[in-house]
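Here is the structure we will look at.
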Amino acid sequence: MEFLNPQEVLNQLELEGDMIAADFGSGSGGWAIPLAKRLKFGRVYAIDILEEPLSALKSKGEIERVFNIETVRSNVEAKQGSKLADSFCDLVLITNLLFEAKDKKIIMDEAKRALKKKGKILVVDWFPEAPLGPKEGRVSAADVKKIAQDLNLKLEKEFKAGAYHYGLIFIKP
């Protein structure tokens, strides 16, 4: 099993070409670009608190001829922090982000707010016991499922997302 392959993880989702998606904590586009390539008639909102990775993402997108990504500089760890409208997205990605967050519930709640009814949240994060990666702030799949349950999100699927990561897919009822 390899480290973490966004293409393989995205295969866990039933993607449709016209979906509207958000990538919370997008960084320089490791997930946003592969997702945007699959959502040919859709749109991906790449949201990050830092300008530098968003700028790198724009450049990578141009090089790879991906033009359906909109970058948004914002803090998803704040109320209405994604700057997206209520019930706007079909899908929100929260990949390798929760371990960095002080308040994981705010991020999950913001994803839920931005989702349409029946929309999905993909969470990918480090196994707490993984020998590689950051040591601080890791959150177990069980803890994420508890947060999701508290927010009335329904678990659709749980899977191993690579040698060191788990994947969870939640649905907004």
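By convention here, the chains of the structure tokens are called A, B, ... in the order presented, each chain's residues are numbered starting at 1, and ligands are numbered starting at 1 in the order presented.
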
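If you count only C-alpha atoms and ignore residues fewer than 3 places along the chain from Lys117 of chain A, what sits within 9 Å of it is Ser87, Asp90, Lys120, Ile171, Lys172 and Pro173 of chain A.
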
Please write the residues from the selection above to a file, keeping N, CA and C atoms, as a PDB file, in the first residue's frame.
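Now in part18.pdb:
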ATOM      1  N   SER A  87     -25.530  25.620   1.924  1.00  0.00           N
ATOM      2  CA  SER A  87     -26.074  24.582   1.026  1.00  0.00           C
ATOM      3  C   SER A  87     -25.624  24.780  -0.427  1.00  0.00           C
ATOM      4  N   ASP A  90     -21.697  20.149  -3.347  1.00  0.00           N
ATOM      5  CA  ASP A  90     -22.045  18.732  -3.367  1.00  0.00           C
ATOM      6  C   ASP A  90     -21.034  17.923  -2.560  1.00  0.00           C
ATOM      7  N   LYS A 120     -21.682  15.388   0.473  1.00  0.00           N
ATOM      8  CA  LYS A 120     -20.743  14.516   1.177  1.00  0.00           C
ATOM      9  C   LYS A 120     -19.498  15.264   1.627  1.00  0.00           C
ATOM     10  N   ILE A 171     -22.368  11.894   5.002  1.00  0.00           N
ATOM     11  CA  ILE A 171     -23.450  12.496   4.212  1.00  0.00           C
ATOM     12  C   ILE A 171     -24.249  13.442   5.107  1.00  0.00           C
ATOM     13  N   LYS A 172     -24.606  14.597   4.542  1.00  0.00           N
ATOM     14  CA  LYS A 172     -25.504  15.519   5.234  1.00  0.00           C
ATOM     15  C   LYS A 172     -26.928  15.052   4.942  1.00  0.00           C
ATOM     16  N   PRO A 173     -27.669  14.647   5.993  1.00  0.00           N
ATOM     17  CA  PRO A 173     -29.027  14.132   5.744  1.00  0.00           C
ATOM     18  C   PRO A 173     -29.977  15.208   5.230  1.00  0.00           C
TER      19      PRO A 173
END

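Near segment 68-73 of chain A, within a cut-off of 8 Å and counting only C-alpha atoms, sit the residues Ala32, Ile33, Ala36, Lys40, Phe41, Gly42, Arg43, Val44, Tyr45, Ala46, Ile47, Asp48, Ile49, Leu50, Glu51, Leu54, Lys58, Gly61, Val66, Asn75 and Ser82 of chain A, with same-chain residues fewer than 2 positions away left out.
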
Go ahead and write the residues just picked, C-alpha atoms, as a compact mmCIF listing (two decimals), in the first residue's frame.
# COMPACT_ATOMS: atom_id res chain seq x y z
CA ALA A 32 -7.93 20.21 -5.80
CA ILE A 33 -6.25 19.60 -9.17
CA ALA A 36 -11.06 19.43 -10.76
CA LYS A 40 -15.01 18.72 -15.93
CA PHE A 41 -18.27 20.70 -15.88
CA GLY A 42 -18.14 21.47 -12.18
CA ARG A 43 -16.13 23.79 -9.98
CA VAL A 44 -13.63 23.35 -7.16
CA TYR A 45 -13.18 26.05 -4.53
CA ALA A 46 -9.67 25.68 -3.15
CA ILE A 47 -9.65 27.33 0.28
CA ASP A 48 -6.53 27.98 2.31
CA ILE A 49 -5.46 30.47 4.96
CA LEU A 50 -2.09 31.10 3.23
CA GLU A 51 -1.62 33.05 0.00
CA LEU A 54 -2.86 29.28 -3.39
CA LYS A 58 -2.97 28.78 -9.64
CA GLY A 61 -3.52 24.69 -12.61
CA VAL A 66 -7.18 23.03 -15.30
CA ASN A 75 -9.77 30.43 7.46
CA SER A 82 -15.08 29.08 3.90

- prompt: From the list A:Gly81, A:Pro6, A:Pro34, A:Gly17, which residue is nearest Ala114 of chain A when using only C-alpha atoms?
  reply: A:Gly81

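The smallest atom-to-atom distance between Gly119 of chain A and any of A:Leu98, A:Ala56, A:Leu13, A:Val144, using only C-alpha atoms, is found for A:Leu13.
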
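Note that the spacing between atom CA of Glu110 of chain A and atom CA of Leu84 of chain A amounts to 9.3 Å.
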
- prompt: Using only C-alpha atoms, which residues sit within 8 Å of Ile107 of chain A once same-chain residues fewer than 6 positions away are excluded, as a list of chain:residue names?
  reply: A:Val76, A:Glu77, A:Ala78, A:Leu98

Writing out the chosen residues with C-alpha atoms as a PDB file, in the first residue's frame:
ATOM      1  CA  VAL A  76     -12.112  27.438   7.571  1.00  0.00           C
ATOM      2  CA  GLU A  77     -11.500  27.268  11.313  1.00  0.00           C
ATOM      3  CA  ALA A  78     -13.783  30.287  11.756  1.00  0.00           C
ATOM      4  CA  LEU A  98      -7.836  18.180  11.082  1.00  0.00           C
TER       5      LEU A  98
END

Sorted per-residue table, segment 24-63 of chain A near segment 91-96 of chain A, closest atoms and distance, 9 Å, only C-alpha atoms, as a Markdown table:
| residue | atom | partner | partner_atom | distance |
| --- | --- | --- | --- | --- |
| A:Phe24 | CA | A:Ile94 | CA | 5.4 |
| A:Gly25 | CA | A:Ile94 | CA | 7.1 |
| A:Ser26 | CA | A:Thr95 | CA | 8.1 |
| A:Trp31 | CA | A:Thr95 | CA | 8.1 |
| A:Ala32 | CA | A:Leu93 | CA | 8.8 |

message: Env of Ala85 of chain A: 10 Å cut, atoms = only C-alpha atoms, seq-sep filter 3 positions within chain, self excluded. Answer as JSON, numbers by chain.
response: {"A": [80, 82, 88, 89, 113, 114, 115]}

query: Please, which residues of segment 10-148 of chain A, numbered as in this document, come out strand (DSSP E or B) from DSSP, as a count of residues only?
result: 35

task: Would you return as a PyMOL selection string the members of chain A that DSSP assigns to helix (DSSP H, G or I) on this structure's backbone?
output: chain A and resi 6-10+32-38+51-63+98-100+104-114+141-150

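The two atoms in question, atom CA of Ala142 of chain A and atom CA of Pro128 of chain A, are spaced 10.6 Å apart.
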
message: Taking only C-alpha atoms into account, name the residue in A:Ala130, A:Ile63, A:Leu168, A:Leu15 that is nearest to Lys146 of chain A.
response: A:Leu168
